[in-house]
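In what follows, a single structure is set out as structure tokens and then discussed.
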Amino acid sequence: MTKTLDTFVVGQQGVVKIVNGERKIKRRLFDMGITPGAHIMVRKLAPLGDPMEITIRGYELTLRKVEAAFVTMEVTK
Amino acid sequence: MMKFALAGNPNSGKTTLFNGLTGATAHVGNWPGVTVDKREGLYKKCAEPISIVDLPGIYSLSPYTPEEVIARNFVLEENPDCVINIVDATNLERNLYLTTQLMEIDVPMVIALNMIDVVDKSGDRINEKELEQRLGLPVIRVSALKGEGLQELMERAYQASKQKRNGVTVLEDSALKHLISDITIALDGQNVQNPLFHAIKLIEQDELEVEMHKETVKMVEAFKKTFTDELFGNDFEALIADGRYKYITNNFSVVMQHKNPDRFRLTKSDRIDKALTHRIWGIPIFLGILFFIFHLTFSEDLFFLGSIFGLPELPEAWYTPEGDPINFWVLLLSCFYNGGVFSPGCIINNLWNEIIVGIPFGALQGLVEESGMQSWAIGLINNGIIDGLCGVLSFLPWILTLFCLFSILEDSGYMARVAFILDRLFRKFGLSGRAFMPMIMGFGCSVPAMINTRTLADDKERTATVRVIPFFSCGAKLPILTAIAGGIVAAYGVGNADIITYSMYVLGIVTAVISVLAMRSTTLKGETPPFIMELPAYHPPRFKSLILLLWDKAKHFIKKAFTIILASTIIIWVLTHFDFSWKLLEDDQINQSILAQLGMLFQPLFTPMGFGSQLGQFGWVFVVAAVTGLIAKENVIATFSTLAACLMAVSGLDFGNLAINAEDGIDAVRAMIQATGITVPALLSFIAFNMTTIPCFAAVATAKSELINKKTYNLTLLFWVVTSYIVGAVVYTVGSWWWTAFIWALVAALAVVVIKLYNLRRNS
């Protein structure tokens with residue numbers, strides 16, 4: 001099943017399929033390691049519901065839901 | 001001299017390594033992006049002295065953030081003899097991404113595998129020999145924090161610097177191989193330096209490169225037409241980033257062995273994080289920590305022990321009728337306790353002011369008094385110089401305490417979480433959670449805070465942030481707050497000094513929020529910048545680096561007190577004791593002085609804020625104090641101390657020896673209140689004005705260099721003047737006549753409607 005990263009619930013895991021978005025944001029996502037094939041787990045949401053914290057390539061990254069919406073994922077767990 | 005550059009990811013320990021190598025005391029924090037400008041130091045333990053340049057931390061060599069551009073231009077244009085790429089071993093995968101880019105430049109390079117001790121301790125294994133072989137670059141295990149492996153690192157770097165190295169790329173195995181080599185050969189033919197690096201950047205359509213090689217771009221485009229990828233189409237930037245990570249992933253598993261193979265294992269840091277950024281408790285915990293910091297710094301009733309247990313005050317018999325302690329031991333005790341245990345901040349402050357500074361300077365003044373010098377000389381030394389200096393030195397303890405507590409939060413990694421918690425809120429104002437860091441740093445000092453705005457990617461967000469940083473009342477503005485708040489309590493017997501101080505801080509924050517909202521919906525409109533940020537692992541604060549940092553800060557401060565501030569207090573004294581014909585004046589002739597005459601000229605301008613014409617003949621003192629604050633905010637209270645001595649002579653009041661009873665300028669403020677009859681709202685307005693107006697020299701100069709152009713800078717100065725005028729006027733009028741609040745509300749509502757209508761019209 002594929003869906004975008006912003007719709008993941010806490011604890012859900014997946015593999016990055018496609019990264020979209022405007023050039024600058026997309027580059028930033030790539031630079032931080034969100035590239036096709038990377039495994040991601042959603043750790044938690046901030047107290048106000050946004051941004052989200054994910055574990056990727058062994059470290060913690062935070063990004064907003066609007067930015068996470070550019071990342072299409074294959075759900076693994 | 002040889003020059004080595006330190007390059008690496010933010011928060012990979014570059015600055016710690018830099019300090020370890022050069023013995024410097026640069027500020028280290030557990031927050032990505034603490035070093036935002038490059039810094040130089042000297043390493044002396046090699047065959048020849050080596051200059052070490054600490055570059056800002058970067059994730060990539062993209063052209064999108066200023067610090068990436070600084071780092072990239074340095075390596076490309078300044079031709080360092082060697083690049084030391086510092087890699088965080090606990091986060092190897094992402095750190096190597098930058099390595100794959102740096103190694104494409106034709107420069108000798110070594111890799112410092114930092115925090116390797118942490119990896120060893122966790123039971124994971126990194127095979128650095130294997131890594132060295134695969135990358136073709138020397139890899140050295142180091143622990144910057146413990147100072148291990150630094151000698152070997154520098155020796156290997158020194159050896160490497162003796163040999164020329166040509167750039168290599170890890171994209172050799174990718175589909176882009178031929179495209180890259182074709183363009184590299186073409187660029188090499190044009191005698192371009194670092195052809196491989198530029199070739200890859202051109203394929204990425206990097207903005208800076210396209211600008212530099214306009215001619216070659218056409219050729220690159222022609223080459224690119226022959227190529228498409230099924231997954232990425234012709235998005236070459238994506239294709240290259242993907243190629244780099246593919247290389248890393250493929251080679252990574254051989255190099256790194258995890259004790260716990262679960263990809264998403266929970267570390268200790270994760271467990272701490274779970275509590276501190278909890279969905280429900282996250283925000284209360286944050287507010288609690290903020291309150292606790294201020295409580296530890298300013299409270300005279302630590303943990304409310306005094307109120308809870310009804311602890312008694314020190315017996316009256318221990319004081320003379322004038323209210324002075326009868327002996328040294330009472331004085332010492334009263335530094336720690338009086339009806340409640342004092343907070344650490346207060347204790348240090350009392351010890352410093354009553355004993356360390358108060359006693360020797362008081363004795364010095366006594367000596368001067370009896371020296372038989374001319375009375376004007378005694379006046380200059382005692383009231384001009386010593387009172388002024390004491391006024392300034394008196395708040396060093398509070399600055400350091402506050403600075404220390406914020407540094408601990410930053411060093412532990414909690415600050416980054418605060419940005420995470422607050423981002424949603426900041427977005428409402430058109431900023432990202434990242435803007436929180438420079439703003440909170442503003443509570444310490446505006447200068448580093450403004451420099452730190454470089455971590456913000458968007459120019460408009462940076463401008464807005466730089467403009468509101470001074471509203472986060474800095475350490476130097478603190479004495480204005482405490483002295484006036486203390487003066488109000490002492491003179492009018494109303495309110496509570498803590499509450500006044502606290503609400504003034506809040507007023508500054510509210511002003512900042514409103515200003516940002518106003519700017520982001522008018523002159524600085526733009527998309528909300530993205531918020532994609534690393535959350536560093538928590539670690540206990542490092543005692544040594546904290547002490548070094550505080551020592552550095554104290555040194556800097558004392559130097560400033562004895563140079564620029566001392567000079568200005570002397571000038572103010574001279575200007576208050578001479579008239580325009582340079583005739584020496586007695587203390588009670590102060591109104592004929594040069595300063596008074598000038599002050600009176602401008603006094604009417606300040607009337608709407610309550611400290612102008614309505615204060616009568618001595619009202620100019622507030623005007624003068626505010627103006628001297630433009631040099632350094634410490635001057636405001638120093639000026640008060642200098643002027644108060646004269647005012648007391650005129651008005652026949654006596655608050656005793658100002659230096660001994662200085663108590664942070666409170667008595668000076670009392671003297672000013674008595675002489676001018678200034679009201680409480682006008683005093684609050686004076687604080688508000690000083691807090692929001694043009695900051696000190698140093699901050700203005702920093703703002704000038706951080707803002708993108710001269711026009712923005714001029715507008716920023718205008719913005720500060722206008723804002724402070726409005727805020728001062730609002731505080732004064734509403735405080736004096738409560739119903740004026742409705743008029744201001746109406747004006748604000750009108751402004752909002754006008755802006756909304758204007759924006760609607762422009763959009764349609």
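For the structure tokens, the naming scheme is as follows: chains receive sequential letters (A, B, ...) according to their order of presentation, residues are indexed from 1 within each chain, and ligands are indexed from 1 in presentation order.
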Residues of chain B within 6 Å of chain A, using only C-alpha atoms, as a PDB file with N, CA and C atoms, in the first residue's frame?
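Generated file (selection.pdb):
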ATOM      1  N   ASP B 242      20.281  10.784  -5.108  1.00  0.00           N
ATOM      2  CA  ASP B 242      19.940   9.383  -4.966  1.00  0.00           C
ATOM      3  C   ASP B 242      21.173   8.498  -5.178  1.00  0.00           C
ATOM      4  N   ARG B 279       3.013  14.694  23.953  1.00  0.00           N
ATOM      5  CA  ARG B 279       1.882  15.387  23.323  1.00  0.00           C
ATOM      6  C   ARG B 279       1.186  16.349  24.281  1.00  0.00           C
ATOM      7  N   ILE B 421       8.590  21.781  19.308  1.00  0.00           N
ATOM      8  CA  ILE B 421       7.325  21.975  20.017  1.00  0.00           C
ATOM      9  C   ILE B 421       6.621  23.246  19.531  1.00  0.00           C
ATOM     10  N   PHE B 531      10.543  23.700   7.380  1.00  0.00           N
ATOM     11  CA  PHE B 531      11.116  23.350   8.685  1.00  0.00           C
ATOM     12  C   PHE B 531      11.520  21.893   8.615  1.00  0.00           C
ATOM     13  N   ILE B 532      12.729  21.654   8.151  1.00  0.00           N
ATOM     14  CA  ILE B 532      13.229  20.289   8.038  1.00  0.00           C
ATOM     15  C   ILE B 532      14.527  20.285   8.810  1.00  0.00           C
ATOM     16  N   MET B 533      14.500  19.758  10.022  1.00  0.00           N
ATOM     17  CA  MET B 533      15.626  19.961  10.913  1.00  0.00           C
ATOM     18  C   MET B 533      16.007  18.697  11.657  1.00  0.00           C
ATOM     19  N   GLU B 534      17.314  18.538  11.865  1.00  0.00           N
ATOM     20  CA  GLU B 534      17.793  17.400  12.635  1.00  0.00           C
ATOM     21  C   GLU B 534      17.531  17.634  14.125  1.00  0.00           C
ATOM     22  N   LEU B 535      17.116  16.583  14.834  1.00  0.00           N
ATOM     23  CA  LEU B 535      17.006  16.689  16.285  1.00  0.00           C
ATOM     24  C   LEU B 535      18.181  15.923  16.890  1.00  0.00           C
TER      25      LEU B 535
END
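Residues of region 23-201 of chain B that DSSP, applied to the backbone, places in strand (DSSP E): Arg39, Glu40, Gly41, Leu42, Tyr43, Ile50, Ser51, Ile52, Val53, Asp54, Cys82, Val83, Ile84, Asn85, Ile86, Val87, Asp88, Met109, Val110, Ile111, Ala112, Leu113, Asn114, Arg125, Ile126, Val139, Ile140 and Arg141 of chain B.
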Note to self: as a VMD selection string, please: the residues near region 733-741 of chain B (cut-off 10 Å, only C-alpha atoms, same-chain neighbours under 5 positions excluded).
What the structure shows: chain B and resid 608 to 610 679 to 682 684 to 685 728 746 to 747
For the residues in the current selection, export N, CA and C atoms as a PDB file, in the first residue's frame.
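Just written: out-v7.pdb:
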ATOM      1  N   PRO B 608       4.882  62.400  24.467  1.00  0.00           N
ATOM      2  CA  PRO B 608       3.838  61.373  24.349  1.00  0.00           C
ATOM      3  C   PRO B 608       4.169  60.107  25.135  1.00  0.00           C
ATOM      4  N   MET B 609       5.443  59.904  25.446  1.00  0.00           N
ATOM      5  CA  MET B 609       5.803  58.695  26.167  1.00  0.00           C
ATOM      6  C   MET B 609       5.902  58.933  27.667  1.00  0.00           C
ATOM      7  N   GLY B 610       5.633  60.166  28.100  1.00  0.00           N
ATOM      8  CA  GLY B 610       5.560  60.412  29.532  1.00  0.00           C
ATOM      9  C   GLY B 610       6.857  60.854  30.157  1.00  0.00           C
ATOM     10  N   THR B 679       5.862  59.619  36.837  1.00  0.00           N
ATOM     11  CA  THR B 679       4.849  58.674  37.309  1.00  0.00           C
ATOM     12  C   THR B 679       5.228  57.236  36.970  1.00  0.00           C
ATOM     13  N   VAL B 680       4.522  56.299  37.582  1.00  0.00           N
ATOM     14  CA  VAL B 680       4.810  54.888  37.318  1.00  0.00           C
ATOM     15  C   VAL B 680       4.616  54.531  35.837  1.00  0.00           C
ATOM     16  N   PRO B 681       3.475  54.919  35.221  1.00  0.00           N
ATOM     17  CA  PRO B 681       3.330  54.591  33.796  1.00  0.00           C
ATOM     18  C   PRO B 681       4.460  55.166  32.942  1.00  0.00           C
ATOM     19  N   ALA B 682       4.925  56.364  33.289  1.00  0.00           N
ATOM     20  CA  ALA B 682       6.002  56.962  32.500  1.00  0.00           C
ATOM     21  C   ALA B 682       7.301  56.190  32.680  1.00  0.00           C
ATOM     22  N   LEU B 684       7.481  52.950  33.355  1.00  0.00           N
ATOM     23  CA  LEU B 684       7.317  51.705  32.583  1.00  0.00           C
ATOM     24  C   LEU B 684       7.500  51.987  31.101  1.00  0.00           C
ATOM     25  N   SER B 685       6.971  53.131  30.670  1.00  0.00           N
ATOM     26  CA  SER B 685       7.111  53.504  29.267  1.00  0.00           C
ATOM     27  C   SER B 685       8.583  53.719  28.924  1.00  0.00           C
ATOM     28  N   GLY B 728       6.130  52.825  23.688  1.00  0.00           N
ATOM     29  CA  GLY B 728       6.254  53.726  24.833  1.00  0.00           C
ATOM     30  C   GLY B 728       4.976  54.529  25.038  1.00  0.00           C
ATOM     31  N   LEU B 746      -8.923  50.618  18.761  1.00  0.00           N
ATOM     32  CA  LEU B 746      -9.602  51.054  17.542  1.00  0.00           C
ATOM     33  C   LEU B 746      -8.593  51.302  16.419  1.00  0.00           C
ATOM     34  N   VAL B 747      -7.504  51.995  16.772  1.00  0.00           N
ATOM     35  CA  VAL B 747      -6.458  52.270  15.784  1.00  0.00           C
ATOM     36  C   VAL B 747      -5.893  50.957  15.236  1.00  0.00           C
TER      37      VAL B 747
END
Check: Which residue, B:Phe742, B:Ala491, B:Met219, B:Gly136, has the smallest gap to Gln674 (chain B) when you use only C-alpha atoms?
Finding: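 Of B:Phe742, B:Ala491, B:Met219, B:Gly136, the one nearest Gln674 (chain B), counting only C-alpha atoms, is B:Ala491.
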Item checked: Which of B:Ala632, B:Ile708, B:Val727, B:Met672 sits closest to Ser515 (chain B) [using only C-alpha atoms] ->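 Ranked by minimum distance to Ser515 (chain B), first place goes to B:Val727.
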Check: Where in chain A does DSSP assign alpha helix (DSSP H), given as number ranges by chain?
Finding: A: 23-31, 65-68
Keeping N, CA and C atoms, export the residues of the selection given above as a compact mmCIF listing (two decimals), in the first residue's frame.
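The result, stored in part_13.txt:
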# COMPACT_ATOMS: atom_id res chain seq x y z
N ARG A 23 11.69 22.65 -6.06
CA ARG A 23 13.08 22.26 -6.14
C ARG A 23 13.85 22.40 -4.83
N LYS A 24 13.68 23.56 -4.21
CA LYS A 24 14.45 23.85 -3.00
C LYS A 24 14.11 22.88 -1.86
N ILE A 25 12.81 22.65 -1.69
CA ILE A 25 12.37 21.75 -0.61
C ILE A 25 12.80 20.33 -0.90
N LYS A 26 12.65 19.95 -2.17
CA LYS A 26 12.99 18.59 -2.55
C LYS A 26 14.48 18.32 -2.30
N ARG A 27 15.30 19.33 -2.65
CA ARG A 27 16.74 19.18 -2.44
C ARG A 27 17.05 19.02 -0.95
N ARG A 28 16.36 19.80 -0.15
CA ARG A 28 16.57 19.73 1.29
C ARG A 28 16.19 18.33 1.82
N LEU A 29 15.06 17.82 1.34
CA LEU A 29 14.63 16.48 1.77
C LEU A 29 15.67 15.44 1.37
N PHE A 30 16.18 15.57 0.15
CA PHE A 30 17.21 14.64 -0.31
C PHE A 30 18.46 14.74 0.55
N ASP A 31 18.90 15.99 0.78
CA ASP A 31 20.13 16.20 1.55
C ASP A 31 20.03 15.59 2.94
N LYS A 65 4.04 18.53 8.32
CA LYS A 65 3.16 17.67 7.51
C LYS A 65 3.09 18.14 6.07
N VAL A 66 3.09 19.47 5.85
CA VAL A 66 3.03 19.95 4.46
C VAL A 66 4.23 19.47 3.67
N GLU A 67 5.39 19.38 4.34
CA GLU A 67 6.58 18.90 3.64
C GLU A 67 6.56 17.38 3.50
N ALA A 68 6.04 16.73 4.54
CA ALA A 68 5.94 15.26 4.50
C ALA A 68 4.98 14.82 3.39
Next item on the list: Tell me, in Å to one decimal, how far CA of Ser503 (chain B) is from CA of Phe719 (chain B).
Entry: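 Interatomic distance, CA of Ser503 (chain B) to CA of Phe719 (chain B): 22.9 Å.
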Margin query: One number please: CA of Ala561 (chain B) to CA of Leu393 (chain B), in Å, one decimal.
Written below: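 Computing it gives 7.1 Å between the two atoms.
Taking CA of Ala238 (chain B) and CA of Gly14 (chain A) as endpoints, the distance between them is 19.9 Å.
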Note to self: Counting only C-alpha atoms, which residue out of B:Ile285, B:Ala645, B:Met691, B:Leu266 sits closest to Phe443 (chain B)?
What the structure shows: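 Answer, going by the shortest atom-to-atom distance: B:Met691.
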